[in-house]
>>> print(open('start.cif').read())   # mmCIF, C-alpha atoms and all ligand atoms
data_input
loop_
_atom_site.label_atom_id
_atom_site.label_comp_id
_atom_site.auth_asym_id
_atom_site.auth_seq_id
_atom_site.Cartn_x
_atom_site.Cartn_y
_atom_site.Cartn_z
CA MET W 1 -15.76 8.65 7.84
CA HIS W 2 -13.23 10.12 5.41
CA SER W 3 -12.58 13.61 6.68
CA GLN W 4 -9.94 14.25 4.04
CA ALA W 5 -10.61 14.58 0.34
CA ASP W 6 -10.90 10.90 -0.63
CA SER W 7 -14.51 10.47 -1.61
CA ARG W 8 -14.20 6.98 -3.09
CA PRO W 9 -16.83 4.68 -1.60
CA GLY W 10 -15.80 1.62 0.36
CA LEU W 11 -13.04 0.76 2.74
CA HIS W 12 -9.45 1.80 2.30
CA ALA W 13 -7.22 -1.18 3.00
CA ALA W 14 -3.44 -0.90 2.97
CA ILE W 15 -1.06 -3.84 3.01
CA ILE W 16 2.60 -4.11 3.94
CA MET W 17 3.41 -7.02 1.64
CA ASP W 18 6.15 -8.67 3.70
CA GLY W 19 7.69 -12.13 3.72
CA ASN W 20 8.64 -12.78 0.09
CA GLY W 21 12.27 -13.49 0.96
CA ARG W 22 11.51 -15.85 3.82
CA TRP W 23 8.86 -17.63 1.74
CA ALA W 24 11.53 -18.39 -0.87
CA THR W 25 14.40 -19.19 1.51
CA ARG W 26 12.28 -21.76 3.34
CA ARG W 27 11.78 -23.54 0.04
CA GLY W 28 15.46 -23.42 -0.88
CA LEU W 29 14.71 -20.87 -3.60
CA PRO W 30 16.40 -17.53 -4.29
CA ARG W 31 14.67 -14.52 -2.73
CA ALA W 32 13.80 -13.33 -6.24
CA ALA W 33 11.46 -16.33 -6.60
CA GLY W 34 9.49 -15.02 -3.63
CA HIS W 35 9.20 -11.59 -5.18
CA ARG W 36 7.95 -13.14 -8.44
CA ARG W 37 5.28 -15.14 -6.58
CA GLY W 38 4.40 -11.97 -4.73
CA VAL W 39 3.21 -10.40 -7.96
CA GLU W 40 0.60 -13.15 -8.31
CA ALA W 41 -0.60 -12.41 -4.78
CA ILE W 42 -1.06 -8.77 -5.80
CA ARG W 43 -3.35 -9.80 -8.65
CA ARG W 44 -5.38 -12.20 -6.45
CA THR W 45 -5.72 -9.68 -3.63
CA ALA W 46 -6.67 -6.72 -5.81
CA GLU W 47 -9.30 -8.70 -7.68
CA ALA W 48 -10.90 -9.82 -4.39
CA CYS W 49 -11.36 -6.25 -3.15
CA PRO W 50 -14.59 -5.02 -4.79
CA ASP W 51 -16.67 -7.95 -3.48
CA LEU W 52 -15.30 -7.38 0.02
CA GLY W 53 -16.33 -3.72 0.05
CA ILE W 54 -12.81 -2.38 -0.42
CA GLY W 55 -12.74 0.63 -2.77
CA THR W 56 -9.12 1.62 -2.30
CA LEU W 57 -6.15 -0.70 -1.83
CA THR W 58 -2.67 0.69 -1.12
CA LEU W 59 0.19 -1.80 -1.37
CA TYR W 60 3.70 -1.24 -0.03
CA ALA W 61 5.95 -2.66 -2.73
CA PHE W 62 9.29 -0.91 -2.16
CA SER W 63 10.29 1.41 0.67
CA SER W 64 12.89 4.14 0.37
CA ASP W 65 14.93 2.13 2.87
CA ASN W 66 14.83 -0.90 0.54
CA TRP W 67 17.48 0.82 -1.64
CA GLN W 68 19.92 -0.47 1.00
CA ARG W 69 19.42 -4.06 -0.19
CA PRO W 70 21.98 -5.72 -2.47
CA ALA W 71 22.02 -4.26 -5.98
CA ASP W 72 20.91 -7.51 -7.61
CA GLU W 73 17.82 -7.75 -5.40
CA VAL W 74 16.93 -4.10 -6.03
CA GLY W 75 17.50 -4.63 -9.76
CA GLY W 76 15.24 -7.68 -9.73
CA LEU W 77 12.48 -5.75 -7.96
CA MET W 78 12.71 -2.91 -10.48
CA ARG W 79 12.52 -5.41 -13.36
CA LEU W 80 9.39 -6.88 -11.77
CA LEU W 81 7.88 -3.41 -11.51
CA ARG W 82 8.65 -2.71 -15.15
CA ALA W 83 7.12 -6.05 -16.19
CA TYR W 84 4.07 -5.46 -13.99
CA LEU W 85 3.39 -2.09 -15.61
CA ARG W 86 3.85 -3.56 -19.07
CA ASN W 87 1.88 -6.79 -18.58
CA GLU W 88 -0.90 -5.89 -16.14
CA THR W 89 -2.20 -2.59 -17.48
CA ALA W 90 -4.68 -4.14 -19.91
CA ARG W 91 -6.01 -6.49 -17.24
CA LEU W 92 -6.34 -3.63 -14.75
CA ALA W 93 -8.30 -1.59 -17.28
CA ARG W 94 -10.54 -4.58 -18.06
CA THR W 95 -11.29 -5.20 -14.38
CA GLY W 96 -12.18 -1.56 -13.70
CA THR W 97 -9.05 -0.97 -11.65
CA ARG W 98 -7.50 2.47 -11.59
CA LEU W 99 -3.77 2.26 -10.91
CA SER W 100 -1.77 4.96 -9.13
CA VAL W 101 1.83 4.71 -8.05
CA ILE W 102 2.77 6.68 -4.96
CA GLY W 103 6.29 7.50 -3.82
CA ARG W 104 9.26 9.33 -5.28
CA ARG W 105 9.86 8.99 -9.00
CA ASP W 106 13.18 10.76 -9.43
CA ARG W 107 15.34 7.81 -8.30
CA LEU W 108 13.62 5.08 -10.32
CA PRO W 109 15.49 3.45 -13.23
CA GLU W 110 15.22 5.00 -16.65
CA GLY W 111 11.88 4.53 -18.39
CA ILE W 112 9.91 3.52 -15.30
CA PRO W 113 8.43 6.96 -14.54
CA GLU W 114 7.12 7.12 -18.12
CA ALA W 115 5.74 3.57 -17.83
CA ILE W 116 3.97 4.61 -14.62
CA GLU W 117 2.40 7.61 -16.35
CA ARG W 118 1.22 5.44 -19.25
CA ALA W 119 -0.32 2.85 -16.92
CA GLU W 120 -2.02 5.54 -14.84
CA ALA W 121 -3.46 7.19 -17.95
CA ALA W 122 -4.64 3.88 -19.44
CA THR W 123 -6.49 2.88 -16.26
CA GLU W 124 -7.80 6.30 -15.26
CA ALA W 125 -11.46 5.41 -15.91
CA GLY W 126 -11.45 2.40 -13.55
CA ASP W 127 -14.19 2.78 -10.97
CA ARG W 128 -14.33 -0.60 -9.23
CA LEU W 129 -11.06 -0.31 -7.33
CA HIS W 130 -8.39 2.32 -6.83
CA LEU W 131 -5.15 0.36 -6.59
CA ARG W 132 -2.26 2.43 -5.24
CA ILE W 133 1.19 0.88 -5.28
CA ALA W 134 3.87 2.49 -3.12
CA VAL W 135 7.37 2.48 -4.66
CA ASP W 136 10.36 4.39 -3.23
CA TYR W 137 7.94 5.47 -0.54
CA SER W 138 8.83 6.96 2.85
CA ALA W 139 6.15 8.41 5.11
CA ARG W 140 8.76 10.33 7.12
CA ASP W 141 10.22 11.91 3.99
CA ALA W 142 6.71 12.90 2.89
CA ILE W 143 6.04 14.60 6.22
CA ILE W 144 9.39 16.42 6.23
CA ALA W 145 8.89 17.60 2.63
CA ALA W 146 5.34 18.80 3.37
CA ALA W 147 6.54 20.73 6.42
CA GLN W 148 9.31 22.37 4.40
CA ARG W 149 6.94 23.23 1.56
CA LEU W 150 4.22 24.75 3.75
CA GLN W 151 6.61 26.56 6.14
CA GLY W 152 3.71 27.10 8.53
CA ALA W 153 1.63 28.85 5.85
CA ASP W 154 -1.41 26.63 6.37
CA THR W 155 -1.16 24.09 9.11
CA SER W 156 -4.74 22.84 9.14
CA ARG W 157 -4.86 19.04 9.17
CA ASP W 158 -6.55 18.94 5.78
CA ALA W 159 -4.00 21.22 4.13
CA PHE W 160 -1.10 19.41 5.72
CA GLY W 161 -2.57 16.03 4.74
CA ARG W 162 -2.88 17.21 1.13
CA ALA W 163 0.74 18.29 1.18
CA VAL W 164 1.96 15.02 2.72
CA ALA W 165 0.09 13.01 0.08
CA GLY W 166 1.18 15.32 -2.73
CA GLU W 167 4.86 14.86 -1.89
CA MET W 168 4.45 11.16 -2.74
CA HIS W 169 2.31 11.73 -5.85
CA GLY W 170 -0.85 10.71 -3.99
CA SER W 171 -4.09 12.30 -2.94
CA PRO W 172 -5.12 12.55 0.70
CA VAL W 173 -6.64 9.40 2.19
CA ASN W 174 -7.41 7.83 5.52
CA VAL W 175 -6.54 4.16 5.88
CA ASP W 176 -9.29 2.12 7.53
CA LEU W 177 -7.57 -1.25 7.70
CA LEU W 178 -3.79 -1.73 7.67
CA ILE W 179 -2.59 -5.30 7.16
CA ARG W 180 0.97 -6.58 7.46
CA THR W 181 1.85 -10.08 6.28
CA GLY W 182 4.98 -12.02 7.22
CA GLY W 183 4.61 -11.94 11.00
CA GLU W 184 6.45 -8.70 11.87
CA LYS W 185 4.50 -6.13 13.86
CA ARG W 186 5.80 -2.79 12.69
CA LEU W 187 4.95 -0.07 10.18
CA SER W 188 8.37 0.32 8.51
CA ASP W 189 7.71 3.97 7.52
CA PHE W 190 4.41 3.31 5.70
CA LEU W 191 1.52 5.84 5.70
CA LEU W 192 2.33 7.27 9.13
CA TRP W 193 0.02 10.26 8.66
CA GLU W 194 -2.77 8.47 6.79
CA ALA W 195 -3.02 5.53 9.20
CA ALA W 196 -3.59 7.64 12.32
CA TYR W 197 -6.82 5.75 13.11
CA ALA W 198 -6.32 2.64 10.98
CA GLU W 199 -7.25 -0.69 12.49
CA LEU W 200 -4.13 -2.87 12.48
CA HIS W 201 -4.13 -6.49 11.40
CA PHE W 202 -1.01 -8.63 11.57
CA THR W 203 -0.85 -12.07 10.02
CA GLU W 204 1.84 -14.74 9.94
CA ARG W 205 0.95 -15.54 6.32
CA MET W 206 3.88 -14.82 3.99
CA TRP W 207 2.88 -12.45 1.19
CA PRO W 208 3.26 -14.98 -1.69
CA ASP W 209 0.64 -17.18 0.06
CA PHE W 210 -1.80 -14.33 0.78
CA GLY W 211 -5.12 -14.27 -1.04
CA GLU W 212 -8.84 -13.75 -0.95
CA THR W 213 -9.49 -15.90 2.13
CA ASP W 214 -6.91 -13.99 4.19
CA LEU W 215 -8.25 -10.65 3.02
CA ALA W 216 -11.82 -11.71 3.81
CA ALA W 217 -10.72 -12.79 7.31
CA ALA W 218 -9.10 -9.39 7.90
CA VAL W 219 -12.24 -7.57 6.74
CA THR W 220 -14.44 -9.75 8.98
CA GLU W 221 -12.25 -8.97 11.99
CA PHE W 222 -12.26 -5.27 11.03
CA ALA W 223 -16.07 -5.27 11.02
CA ARG W 224 -16.07 -6.46 14.64
CA ARG W 225 -13.75 -3.68 15.81
CA ASP W 226 -15.20 -0.76 17.70
CA ARG W 227 -13.79 2.38 16.10
CA ARG W 228 -14.05 5.34 18.42
CA PHE W 229 -11.71 8.00 16.96
CA GLY W 230 -11.04 9.23 20.47
CA ALA W 231 -14.71 9.67 21.36
CA LEU W 232 -16.95 7.22 23.20
CA ALA W 233 -18.72 4.34 21.50
CA PRO W 234 -22.33 5.35 20.57
CA ALA W 235 -23.88 3.00 23.18
CA LYS W 236 -21.77 4.59 25.94
CA VAL W 237 -22.73 8.10 24.82
CA SER W 238 -26.43 7.33 25.31
CA ALA W 239 -25.74 5.50 28.58
CA ALA W 240 -23.92 8.56 29.91
CA ALA W 241 -26.57 11.03 28.72
C1 LIG V 301 8.67 -7.83 1.08
O1 LIG V 301 9.34 -9.02 1.28
C2 LIG V 301 8.99 -7.22 -0.26
C3 LIG V 301 9.91 -6.07 -0.18
C4 LIG V 301 10.30 -5.48 0.91
C5 LIG V 301 10.40 -5.55 -1.42
P1 LIG V 301 10.79 -9.06 1.88
O2 LIG V 301 11.76 -9.05 0.74
O3 LIG V 301 11.00 -8.02 2.89
O4 LIG V 301 10.78 -10.50 2.54
P2 LIG V 301 11.39 -10.92 3.95
O5 LIG V 301 10.83 -9.98 4.97
O6 LIG V 301 12.87 -10.79 3.80
O7 LIG V 301 10.92 -12.32 4.13
C1 LIG V 302 8.57 -3.14 4.45
O1 LIG V 302 9.17 -4.39 4.53
C2 LIG V 302 8.59 -2.66 3.06
C3 LIG V 302 7.78 -3.41 2.11
C4 LIG V 302 7.01 -4.43 2.38
C5 LIG V 302 7.86 -2.95 0.76
P1 LIG V 302 10.69 -4.54 4.97
O2 LIG V 302 10.97 -6.00 4.93
O3 LIG V 302 11.56 -3.67 4.15
O4 LIG V 302 10.66 -3.97 6.46
P2 LIG V 302 11.61 -4.26 7.70
O5 LIG V 302 13.02 -4.07 7.23
O6 LIG V 302 11.36 -5.67 8.11
O7 LIG V 302 11.17 -3.29 8.74
MG MG V 303 10.73 -7.95 4.90
#
>>> encode(input="start.cif", output="structure tokens")
Amino acid sequence: MHSQADSRPGLHAAIIMDGNGRWATRRGLPRAAGHRRGVEAIRRTAEACPDLGIGTLTLYAFSSDNWQRPADEVGGLMRLLRAYLRNETARLARTGTRLSVIGRRDRLPEGIPEAIERAEAATEAGDRLHLRIAVDYSARDAIIAAAQRLQGADTSRDAFGRAVAGEMHGSPVNVDLLIRTGGEKRLSDFLLWEAAYAELHFTERMWPDFGETDLAAAVTEFARRDRRFGALAPAKVSAAA
């Protein structure tokens, strides 16, 4: 199923974690309160993955376009990232979770790139779940950078996919199931190359309220989908033969 280099067993689920701000505003709380509760949803969701057959989970935490938000919101999100790396690494290692951060690192506040490297090194042996968190991530920028780097030298899909992933510090993957919380139905520049044949699942649930039950429901619906990758479903192939 994975034609590119990702050989990790299990499904690759990716989640656009949207709705933190609206979750908070509806409760009369500052948007930052929604982002803080969102971190708890990350822990719940990641820990539910192995039992649901998910081997890789990619979470969209901060897009390159999110730099346009007010400085205090951006600052709050970066503080949460710093705290997450500091406080969660031991738990990730204990639960067999390998952490990778994908996205650009050159615009992150001082000290964060080093904290990312430390967390990645400390969790490297995790083999129950590969948790990839996307920060300062733009799929379009990855594709542009890969095209510039390769300059037509090797335009096979595999080589180009490796370059696209490499631009964002990742390895090549195919997303099986792409979930967006918060009710919007758009991709917002997330994994445009890697999600070419992803099954899409949109839920009204705001990210701070998301958890194991919602993830299980998405996986159950995914299992009922008929993935054809442009060919015909197996039953139709034999009927036509
Ligand atoms: C998602 O929640 C988290 C980030 C984009 C950082 P939002 O902050 O976009 O929440 P809404 O969409 O405004 O409710
Ligand atoms: C996408 O959400 C980015 C993340 C969840 C990190 P946004 O809230 O930034 O997306 P738009 O602006 O609604 O498209
Ligand atoms: Mg949003």
>>> residues_near_ligand(input="start.cif", ligand="ligand MG 303 (chain V)", cutoff="9 Å", atoms="all atoms listed in the file", output="PyMOL selection string")
chain W and resi 17-22+182+184
>>> residues_near_ligand(input="start.cif", ligand="ligand LIG 302 (chain V)", cutoff="12 Å", atoms="only C-alpha atoms and all ligand atoms", output="ChimeraX atom specification")
/W:14-22,35,38,58-69,74,77,103,133-139,179-191,206-208
>>> closest_residue(input="start.cif", among="W:Pro9, W:Gly53, W:Gly76, W:Gly28", to="ligand LIG 301 (chain V)", atoms="only C-alpha atoms and all ligand atoms")
W:Gly76
>>> atom_distance(input="start.cif", atom1="atom CA of W:Leu200", atom2="atom CA of W:Leu177")
6.1 Å
>>> closest_residue(input="start.cif", among="W:Leu11, W:Ala165, W:Val173, W:Ala32", to="W:Ala196", atoms="only C-alpha atoms")
W:Val173
>>> closest_residue(input="start.cif", among="W:Arg132, W:His12, W:Arg205, W:Arg118", to="ligand LIG 301 (chain V)", atoms="all atoms listed in the file")
W:Arg205
>>> residues_around(input="start.cif", residues="W:Leu99", least_positions_apart="3", cutoff="7 Å", atoms="only C-alpha atoms", output="list in words")
Ala119, Glu120, Thr123, His130, Leu131 and Arg132 of chain W
>>> write_last_selection(input="start.cif", atoms="C-alpha atoms", output="mmCIF file, keeping the file's coordinate frame")
data_model
loop_
_atom_site.group_PDB
_atom_site.id
_atom_site.type_symbol
_atom_site.label_atom_id
_atom_site.label_comp_id
_atom_site.auth_asym_id
_atom_site.auth_seq_id
_atom_site.Cartn_x
_atom_site.Cartn_y
_atom_site.Cartn_z
ATOM 1 C CA ALA W 119 -0.320 2.850 -16.920
ATOM 2 C CA GLU W 120 -2.020 5.540 -14.840
ATOM 3 C CA THR W 123 -6.490 2.880 -16.260
ATOM 4 C CA HIS W 130 -8.390 2.320 -6.830
ATOM 5 C CA LEU W 131 -5.150 0.360 -6.590
ATOM 6 C CA ARG W 132 -2.260 2.430 -5.240
#
>>> closest_residue(input="start.cif", among="W:Ala145, W:Ala24, W:Met78, W:Leu178", to="W:Arg162", atoms="only C-alpha atoms")
W:Ala145
>>> atom_distance(input="start.cif", atom1="atom CA of W:Asp226", atom2="atom CA of W:Gly211")
25.2 Å
